[in-house]
Amino acid sequence: MTDPTNPPAGWYDDGRGQQRYWDGTQWTEHTGPLAPPADQAATLPYDTAALGGTAGAGTAAYDGTGTTPYAAPAGTITPGAPGRPPQPGKVNVVGVIALVVAAVGFVLACIPFVQVGGIILLPIAFVLSIVALFLEGRKWPAITGLIVSIVGAIVGAIVFALVTLNVIGQIADVGAIQNEIEEQLEEQFGSPVPPEEGPDAAPVEGLAFGETMTWEDGVSMTVSEPETFTPSDLAMGADQAKNLAFTLTITNDSSENIQPVVFSRLASDGTEATRIFDVGADGGQVGIPPTTAILPGESITWREAWSVADPDSLTMQTAPSFQYEDAIFTNVP
């Protein structure tokens, strides 16, 4: 029978800096963190002689028949909080959500042209992480989400700066090409006038969009019918009523290389259209003409986008280079 003098079952300091569960008769293998001392003390029966010690040297646990190997300091064993040992911290749901949102925002912030997703998600993750720090449960998801959201914002800013510099550089390159074109025109004609106004350079009759202009040496050029164009957030020049895109193709069926220098001009209902430069457009950048030499038997294709006043009244003048007279494409009857 159980000794009535034994302390009741519960969690007690076992003298090793931890709590151990006393089942009412003996120590068990279950341990837990040491709880703060309580006011009351319970003394377990002990037999120091059975441990090879001397009376008063220490206190040992008693299992009903003899002492156990678990010895405690001399005197009393202060009981801790009875019941189950402290449980692990609860899951902080808000912290986990903040971490997931921060991770997704970080990824989006590192990808050019989709950074708007990161710009939206990272601040949300930051706020959720702050809120989660004041809620019960594990704090590491909230702390990690906070760090990821801050680092993601920094990385996103760096990526955005690099993309912006690249766009500005490409636009500057286009401006340099246009300046070079104007200089060549001035050298050839004495003033920066279009080639069709110079001597022996009268434009040919108008072609419909989608038809092909072929010059005497076998070089040909096609301008597709216009299609509706939706500029991206990085577009420049979309400042009129409608935005259109054209696909231009130069085919070199001559015996020599062709160095393309394309300077297209588009009029809409008597108003000069505005060229759109968009490096973030769907399907690749638009508005930047090719500069790579076209070998005999090869062709090159690119897209140009324009902002126009009236899509039903369009006239485009273009040519592979200044060595060729302009071809005129139009949808005006």
# chains A, B, ... in the order shown; residues from 1 in each chain; ligands from 1
>>> residues_around(residues="region 297-303 of chain A", least_positions_apart="4", cutoff="7 Å", atoms="only C-alpha atoms", output="number ranges by chain")
A: 245-253, 286-287, 289
>>> select_by_dssp(residues="region 256-326 of chain A", states="strand (DSSP E or B)", output="list of chain:residue names")
A:Ile258, A:Arg265, A:Leu266, A:Ala267, A:Ser268, A:Thr271, A:Glu272, A:Thr274, A:Arg275, A:Ile276, A:Phe277, A:Asp278, A:Val286, A:Ile294, A:Ser299, A:Ile300, A:Thr301, A:Trp302, A:Arg303, A:Glu304, A:Ala305, A:Trp306, A:Ser307, A:Val308, A:Leu314, A:Thr315, A:Met316, A:Gln317, A:Thr318
>>> closest_residue(among="A:Ile120, A:Leu234, A:Val114, A:Ala309", to="Gly280 (chain A)", atoms="only C-alpha atoms")
A:Leu234
>>> residues_around(residues="Gly118 (chain A)", least_positions_apart="2", cutoff="7 Å", atoms="only C-alpha atoms", output="ChimeraX atom specification")
/A:105-106,108-109,115-116,120-122
>>> closest_residue(among="A:Phe209, A:Phe263, A:Phe329, A:Phe113", to="Val167 (chain A)", atoms="only C-alpha atoms")
A:Phe113
>>> residues_around(residues="region 91-102 of chain A", least_positions_apart="4", cutoff="12 Å", atoms="only C-alpha atoms", output="ChimeraX atom specification")
/A:87,106-109,117-153
>>> atom_distance(atom1="CA of Thr271 (chain A)", atom2="CA of Ser224 (chain A)")
20.8 Å
>>> residues_around(residues="Gly210 (chain A)", least_positions_apart="4", cutoff="7 Å", atoms="only C-alpha atoms", output="PyMOL selection string")
chain A and resi 222-225
>>> atom_distance(atom1="CA of Ile158 (chain A)", atom2="CA of Val279 (chain A)")
18.2 Å
>>> residues_around(residues="Val308 (chain A)", least_positions_apart="6", cutoff="9 Å", atoms="only C-alpha atoms", output="list in words")
Ala238, Asp239, Gln240, Ala241, Lys242, Asn243, Leu244, Leu266, Ala267, Ser268, Asp269, Thr271, Glu272, Ala273, Thr274, Arg275 and Leu314 of chain A
>>> atom_distance(atom1="CA of Ala281 (chain A)", atom2="CA of Trp306 (chain A)")
13.0 Å
>>> residues_around(residues="Val261 (chain A)", least_positions_apart="4", cutoff="8 Å", atoms="only C-alpha atoms", output="PyMOL selection string")
chain A and resi 181+289-291+320-322
>>> write_last_selection(atoms="C-alpha atoms", output="short mmCIF file (atom, residue, chain, number, x, y, z; two decimals), in the first residue's frame")
data_model
loop_
_atom_site.label_atom_id
_atom_site.label_comp_id
_atom_site.auth_asym_id
_atom_site.auth_seq_id
_atom_site.Cartn_x
_atom_site.Cartn_y
_atom_site.Cartn_z
CA ILE A 181 20.22 60.33 -88.56
CA PRO A 289 14.61 49.75 -84.42
CA PRO A 290 17.26 47.12 -85.26
CA THR A 291 20.91 48.03 -85.76
CA PRO A 320 15.45 50.12 -94.54
CA SER A 321 18.07 52.92 -94.53
CA PHE A 322 18.86 56.27 -96.12
#
>>> decode(residues="region 97-130 of chain A", atoms="N, CA, C and O atoms", output="CSV table (one decimal), in the first residue's frame")
chain,number,residue,atom,x,y,z
A,97,ILE,N,1.5,33.8,-41.5
A,97,ILE,CA,1.0,34.5,-42.7
A,97,ILE,C,1.9,35.6,-43.1
A,97,ILE,O,2.2,35.8,-44.3
A,98,ALA,N,2.4,36.3,-42.1
A,98,ALA,CA,3.4,37.4,-42.4
A,98,ALA,C,4.6,36.9,-43.1
A,98,ALA,O,5.1,37.5,-44.0
A,99,LEU,N,5.1,35.8,-42.6
A,99,LEU,CA,6.3,35.2,-43.2
A,99,LEU,C,6.1,34.8,-44.6
A,99,LEU,O,6.9,35.0,-45.5
A,100,VAL,N,5.0,34.1,-44.9
A,100,VAL,CA,4.6,33.7,-46.3
A,100,VAL,C,4.5,34.9,-47.2
A,100,VAL,O,5.0,34.9,-48.3
A,101,VAL,N,3.7,35.9,-46.7
A,101,VAL,CA,3.5,37.1,-47.6
A,101,VAL,C,4.9,37.8,-47.9
A,101,VAL,O,5.1,38.2,-49.0
A,102,ALA,N,5.7,37.9,-46.8
A,102,ALA,CA,7.0,38.5,-47.0
A,102,ALA,C,7.9,37.7,-48.0
A,102,ALA,O,8.6,38.3,-48.9
A,103,ALA,N,7.8,36.4,-48.0
A,103,ALA,CA,8.6,35.6,-48.9
A,103,ALA,C,8.2,35.8,-50.3
A,103,ALA,O,9.0,35.9,-51.2
A,104,VAL,N,6.8,35.8,-50.5
A,104,VAL,CA,6.3,36.0,-51.9
A,104,VAL,C,6.7,37.4,-52.4
A,104,VAL,O,7.1,37.6,-53.5
A,105,GLY,N,6.5,38.4,-51.5
A,105,GLY,CA,6.8,39.7,-51.9
A,105,GLY,C,8.3,39.9,-52.2
A,105,GLY,O,8.7,40.6,-53.2
A,106,PHE,N,9.2,39.2,-51.5
A,106,PHE,CA,10.6,39.3,-51.8
A,106,PHE,C,10.9,38.7,-53.2
A,106,PHE,O,11.7,39.3,-53.9
A,107,VAL,N,10.3,37.6,-53.5
A,107,VAL,CA,10.5,37.0,-54.8
A,107,VAL,C,10.1,38.0,-55.9
A,107,VAL,O,10.8,38.2,-56.9
A,108,LEU,N,8.9,38.5,-55.8
A,108,LEU,CA,8.3,39.4,-56.8
A,108,LEU,C,9.2,40.7,-56.9
A,108,LEU,O,9.4,41.2,-58.0
A,109,ALA,N,9.7,41.2,-55.8
A,109,ALA,CA,10.5,42.4,-55.8
A,109,ALA,C,11.8,42.2,-56.5
A,109,ALA,O,12.4,43.2,-57.0
A,110,CYS,N,12.3,41.0,-56.7
A,110,CYS,CA,13.5,40.7,-57.4
A,110,CYS,C,13.3,40.5,-58.9
A,110,CYS,O,14.3,40.4,-59.6
A,111,ILE,N,12.1,40.4,-59.4
A,111,ILE,CA,11.8,40.2,-60.8
A,111,ILE,C,11.4,41.5,-61.5
A,111,ILE,O,10.4,42.1,-61.1
A,112,PRO,N,12.2,41.9,-62.4
A,112,PRO,CA,11.9,43.2,-63.1
A,112,PRO,C,10.5,43.1,-63.8
A,112,PRO,O,10.1,42.0,-64.2
A,113,PHE,N,9.8,44.2,-63.8
A,113,PHE,CA,8.5,44.4,-64.5
A,113,PHE,C,7.3,43.7,-63.8
A,113,PHE,O,6.2,43.9,-64.2
A,114,VAL,N,7.6,43.0,-62.7
A,114,VAL,CA,6.5,42.5,-61.9
A,114,VAL,C,6.7,42.9,-60.4
A,114,VAL,O,6.1,42.4,-59.5
A,115,GLN,N,7.5,43.9,-60.2
A,115,GLN,CA,7.8,44.4,-58.9
A,115,GLN,C,6.6,45.0,-58.2
A,115,GLN,O,6.6,45.2,-57.0
A,116,VAL,N,5.6,45.4,-59.0
A,116,VAL,CA,4.4,46.0,-58.4
A,116,VAL,C,3.8,45.1,-57.3
A,116,VAL,O,3.3,45.5,-56.3
A,117,GLY,N,3.9,43.8,-57.6
A,117,GLY,CA,3.4,42.8,-56.7
A,117,GLY,C,4.2,42.8,-55.4
A,117,GLY,O,3.6,42.8,-54.3
A,118,GLY,N,5.5,42.9,-55.5
A,118,GLY,CA,6.3,43.0,-54.3
A,118,GLY,C,6.1,44.3,-53.5
A,118,GLY,O,6.1,44.3,-52.3
A,119,ILE,N,5.8,45.4,-54.3
A,119,ILE,CA,5.6,46.7,-53.6
A,119,ILE,C,4.3,46.6,-52.8
A,119,ILE,O,4.2,47.3,-51.7
A,120,ILE,N,3.3,45.8,-53.2
A,120,ILE,CA,2.1,45.7,-52.5
A,120,ILE,C,2.2,44.7,-51.3
A,120,ILE,O,1.8,45.0,-50.2
A,121,LEU,N,2.9,43.6,-51.5
A,121,LEU,CA,3.0,42.6,-50.5
A,121,LEU,C,3.9,42.9,-49.3
A,121,LEU,O,3.6,42.6,-48.2
A,122,LEU,N,5.1,43.5,-49.7
A,122,LEU,CA,6.1,43.7,-48.6
A,122,LEU,C,5.6,44.6,-47.5
A,122,LEU,O,5.8,44.3,-46.3
A,123,PRO,N,4.9,45.7,-47.8
A,123,PRO,CA,4.4,46.5,-46.6
A,123,PRO,C,3.3,45.8,-45.8
A,123,PRO,O,3.3,45.9,-44.6
A,124,ILE,N,2.5,45.0,-46.5
A,124,ILE,CA,1.5,44.2,-45.8
A,124,ILE,C,2.2,43.2,-44.8
A,124,ILE,O,1.8,43.0,-43.7
A,125,ALA,N,3.3,42.5,-45.3
A,125,ALA,CA,4.0,41.6,-44.5
A,125,ALA,C,4.7,42.3,-43.3
A,125,ALA,O,4.7,41.8,-42.2
A,126,PHE,N,5.2,43.5,-43.6
A,126,PHE,CA,5.8,44.3,-42.5
A,126,PHE,C,4.8,44.6,-41.4
A,126,PHE,O,5.1,44.4,-40.2
A,127,VAL,N,3.6,45.0,-41.7
A,127,VAL,CA,2.6,45.4,-40.7
A,127,VAL,C,2.1,44.1,-40.0
A,127,VAL,O,2.0,44.1,-38.7
A,128,LEU,N,1.9,43.0,-40.7
A,128,LEU,CA,1.5,41.7,-40.1
A,128,LEU,C,2.5,41.2,-39.1
A,128,LEU,O,2.2,40.7,-38.0
A,129,SER,N,3.8,41.4,-39.5
A,129,SER,CA,4.9,41.0,-38.6
A,129,SER,C,4.9,41.7,-37.3
A,129,SER,O,5.1,41.2,-36.2
A,130,ILE,N,4.7,43.1,-37.4
A,130,ILE,CA,4.6,43.9,-36.2
A,130,ILE,C,3.5,43.5,-35.3
A,130,ILE,O,3.6,43.3,-34.1
